[in-house]
Every structure is written in structure tokens, then in C-alpha cells.
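Asker: What follows is input-v2.cif, mmCIF, C-alpha atoms.
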data_work
#
loop_
_atom_site.group_PDB
_atom_site.id
_atom_site.type_symbol
_atom_site.label_atom_id
_atom_site.label_comp_id
_atom_site.auth_asym_id
_atom_site.auth_seq_id
_atom_site.Cartn_x
_atom_site.Cartn_y
_atom_site.Cartn_z
ATOM 1 C CA LYS G 52 76.074 123.502 73.955
ATOM 2 C CA ILE G 53 77.619 121.767 76.963
ATOM 3 C CA LYS G 54 74.480 121.926 79.132
ATOM 4 C CA ASP G 55 73.013 118.594 78.019
ATOM 5 C CA SER G 56 76.202 116.841 76.915
ATOM 6 C CA GLU G 57 78.179 114.022 78.543
ATOM 7 C CA GLU G 58 81.194 116.362 78.500
ATOM 8 C CA ARG G 59 79.509 118.425 81.221
ATOM 9 C CA ASN G 60 80.413 115.723 83.764
ATOM 10 C CA ALA G 61 84.108 116.577 83.288
ATOM 11 C CA TYR G 62 83.588 120.065 84.742
ATOM 12 C CA ILE G 63 83.233 120.309 88.483
ATOM 13 C CA LEU G 64 83.057 123.702 90.115
ATOM 14 C CA MET G 65 83.896 124.080 93.761
ATOM 15 C CA ASP G 66 85.010 126.714 96.195
ATOM 16 C CA ARG G 67 88.514 126.522 97.562
ATOM 17 C CA ILE G 68 88.495 125.276 101.130
ATOM 18 C CA GLN G 69 90.518 127.455 103.484
ATOM 19 C CA PRO G 70 91.637 125.108 106.274
ATOM 20 C CA PRO G 71 92.662 126.539 109.636
ATOM 21 C CA VAL G 72 96.389 127.070 110.112
ATOM 22 C CA THR G 73 97.836 125.472 113.233
ATOM 23 C CA THR G 74 101.314 125.412 114.717
ATOM 24 C CA ASN G 75 102.907 122.021 115.169
ATOM 25 C CA TYR G 76 106.238 120.252 115.191
ATOM 26 C CA MET G 77 107.345 118.666 111.922
ATOM 27 C CA VAL G 78 110.201 116.215 111.533
ATOM 28 C CA ARG G 79 111.799 116.640 108.106
ATOM 29 C CA PRO G 80 114.605 114.854 106.252
ATOM 30 C CA GLY G 81 118.005 116.423 106.757
ATOM 31 C CA GLN G 82 116.980 118.251 109.925
ATOM 32 C CA ALA G 83 118.490 117.219 113.252
ATOM 33 C CA LYS G 84 115.530 118.539 115.262
ATOM 34 C CA ALA G 85 111.802 118.838 114.834
ATOM 35 C CA GLN G 86 110.845 122.337 113.709
ATOM 36 C CA LEU G 87 107.893 124.356 114.979
ATOM 37 C CA VAL G 88 106.047 125.428 111.809
ATOM 38 C CA ASP G 89 102.637 126.573 110.575
ATOM 39 C CA VAL G 90 100.760 123.637 109.020
ATOM 40 C CA ILE G 91 97.409 122.682 107.556
ATOM 41 C CA SER G 92 95.855 119.226 107.501
ATOM 42 C CA GLU G 93 93.766 117.611 104.791
ATOM 43 C CA LEU G 94 91.551 114.606 105.466
ATOM 44 C CA GLY G 95 90.823 112.323 102.519
ATOM 45 C CA ILE G 96 87.952 109.850 102.771
ATOM 46 C CA PHE G 97 88.113 106.924 100.350
ATOM 47 C CA GLY G 98 85.385 104.676 99.098
ATOM 48 C CA TYR G 99 83.915 103.095 96.039
ATOM 49 C CA VAL G 100 80.588 102.983 94.247
ATOM 50 C CA ILE G 101 79.442 100.214 91.923
ATOM 51 C CA GLY G 102 76.335 100.840 89.918
ATOM 52 C CA ASP G 103 74.816 101.720 86.623
ATOM 53 C CA LYS G 104 72.481 104.404 85.364
ATOM 54 C CA HIS G 105 69.520 102.656 87.016
ATOM 55 C CA SER G 106 70.783 101.909 90.525
ATOM 56 C CA ILE G 107 73.679 101.845 92.942
ATOM 57 C CA HIS G 108 74.613 98.291 93.919
ATOM 58 C CA THR G 109 77.347 99.058 96.445
ATOM 59 C CA ASN G 110 78.564 102.269 98.094
ATOM 60 C CA LYS G 111 81.280 101.600 100.679
ATOM 61 C CA TYR G 112 83.708 103.577 102.828
ATOM 62 C CA VAL G 113 87.145 101.909 102.742
ATOM 63 C CA GLY G 114 89.506 104.202 104.620
ATOM 64 C CA GLN G 115 90.997 107.596 105.269
ATOM 65 C CA MET G 116 94.299 109.433 105.055
ATOM 66 C CA LEU G 117 95.320 112.565 106.928
ATOM 67 C CA ARG G 118 98.046 114.634 105.295
ATOM 68 C CA THR G 119 99.680 117.525 107.113
ATOM 69 C CA LYS G 120 101.787 119.979 105.141
ATOM 70 C CA LEU G 121 103.396 123.375 105.447
ATOM 71 C CA SER G 122 100.724 126.065 105.380
ATOM 72 C CA HIS G 123 102.293 128.126 102.593
ATOM 73 C CA VAL G 124 102.524 125.215 100.114
ATOM 74 C CA ASP G 125 99.782 124.928 97.464
ATOM 75 C CA GLU G 126 101.187 121.980 95.521
ATOM 76 C CA GLY G 127 103.349 119.052 96.499
ATOM 77 C CA GLY G 128 103.098 117.546 99.899
ATOM 78 C CA VAL G 129 104.247 114.163 101.181
ATOM 79 C CA ALA G 130 106.024 112.912 98.030
ATOM 80 C CA ALA G 131 107.766 116.261 97.521
ATOM 81 C CA GLY G 132 109.020 116.344 101.119
ATOM 82 C CA LEU G 133 106.774 119.254 102.072
ATOM 83 C CA GLY G 134 104.310 117.291 104.174
ATOM 84 C CA ALA G 135 103.780 114.149 106.191
ATOM 85 C CA LEU G 136 101.204 111.445 106.710
ATOM 86 C CA ASP G 137 99.491 112.017 110.010
ATOM 87 C CA SER G 138 97.029 110.385 112.409
ATOM 88 C CA VAL G 139 93.619 111.548 113.527
ATOM 89 C CA TYR G 140 93.317 112.114 117.270
ATOM 90 C CA LEU G 141 89.859 113.161 118.431
ATOM 91 C CA VAL G 142 89.165 114.751 121.787
ATOM 92 C CA ASP G 143 86.047 115.901 123.566
ATOM 93 C CA ALA G 144 86.506 119.681 123.495
ATOM 94 C CA GLY G 145 83.973 120.087 126.279
ATOM 95 C CA ARG G 146 86.107 118.031 128.661
ATOM 96 C CA CYS G 147 89.629 119.084 127.747
ATOM 97 C CA CYS G 148 89.587 122.637 126.400
ATOM 98 C CA LEU G 149 88.826 125.810 128.249
ATOM 99 C CA THR G 150 86.436 128.124 126.431
#
Could you express the structure from this file as C-alpha cells?

Answerer:
Amino acid sequence: KIKDSEERNAYILMDRIQPPVTTNYMVRPGQAKAQLVDVISELGIFGYVIGDKHSIHTNKYVGQMLRTKLSHVDEGGVAAGLGALDSVYLVDAGRCCLT
């Protein structure tokens, strides 16, 4: 019934991503000191697509946001006080990290 319907587009199946847990300092409201906690980070890539059923006219990347939150939290995040906006810092692992 749903196989060939427009309603099918409303259902997206995906596997849950299990991000690596890291230890980092988090500054939180009401705390005098930064706390060393287990966190996970989520990178969101934003863009837009303009097109119709025949062609794509524009497909552009417009930015990113990195959110870091407590590792044990499934919902919430920045607005709920359980996470923070973060910055991406890339390093060359071959030059800085011992393996």
C-alpha cells in the first residue's frame, strides 16, 4: 500500500550512530569550575537544494554546527543546558599523535 505512495517519503529508516565518547572539560551554568565529564560531539552540516522533479538547480553548503553534550543524554542538549556549542579543531594525526 505505501510502497508507491507519496506518503512513503515521510518514512526514513536509519541506524543509530554511536559516536565515540571522549573526556573533556565542560563549563556549565551555576558551576564555579569546569568539570571533567564524558561527552559526545555531533556535527551538523547545513545546506539547501532548489529544484523540481526534473532537475536540481542549486545545491549549496551553507555552514556547520558542532554540538558537544554529556554522553549519557539522549534528548536535550544546548537549549536544555546539557550541552554546548563547540568549534572544530583539526589536527594531522600523523604529526601530533603517537600510534

Asker: To one decimal place in Å, what is the distance between atom CA of Arg118 of chain G and atom CA of Gly95 of chain G?

Answerer: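 Answer for the atom CA of Arg118 of chain G to atom CA of Gly95 of chain G separation: 8.1 Å.
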
Asker: Would you work out the distance separating atom CA of Asp89 of chain G from atom CA of Leu117 of chain G, expressed in Å to one decimal?

Answerer: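 Atom-to-atom, atom CA of Asp89 of chain G to atom CA of Leu117 of chain G, that is 16.2 Å.
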
Asker: As an exercise, work out the distance from atom CA of Gln86 of chain G to atom CA of Thr74 of chain G in Å and give it to one decimal place.

Answerer: 10.1 Å

Asker: Please evaluate the PyMOL selection byres ((chain G and resi 116) around 9) against the structure above and give the resulting residues as a PyMOL selection string.

Answerer: chain G and resi 93-97+114-115+117-118+136-139

Asker: On this structure, the PyMOL selection byres ((chain G and resi 90) around 12) would catch which residues? List them as a PyMOL selection string, sorted by chain and number.

Answerer: chain G and resi 70-77+86-89+91-93+118-125+128+133-135+137

Asker: What lies within 8 Å of Gly98 of chain G using only C-alpha atoms, ignoring chain neighbours under 4 positions off, as a list in words?

Answerer: Asn110, Lys111, Tyr112, Val113 and Gly114 of chain G

Asker: Using only the atoms of segment 110-118 of chain G listed in the file, plus 8 Å on each side, state the axis-aligned box centre and edge lengths in Å rounded to one decimal, as lines of an AutoDock Vina configuration file.

Answerer:
center_x = 88.3
center_y = 108.1
center_z = 102.5
size_x = 35.5
size_y = 29.0
size_z = 24.8
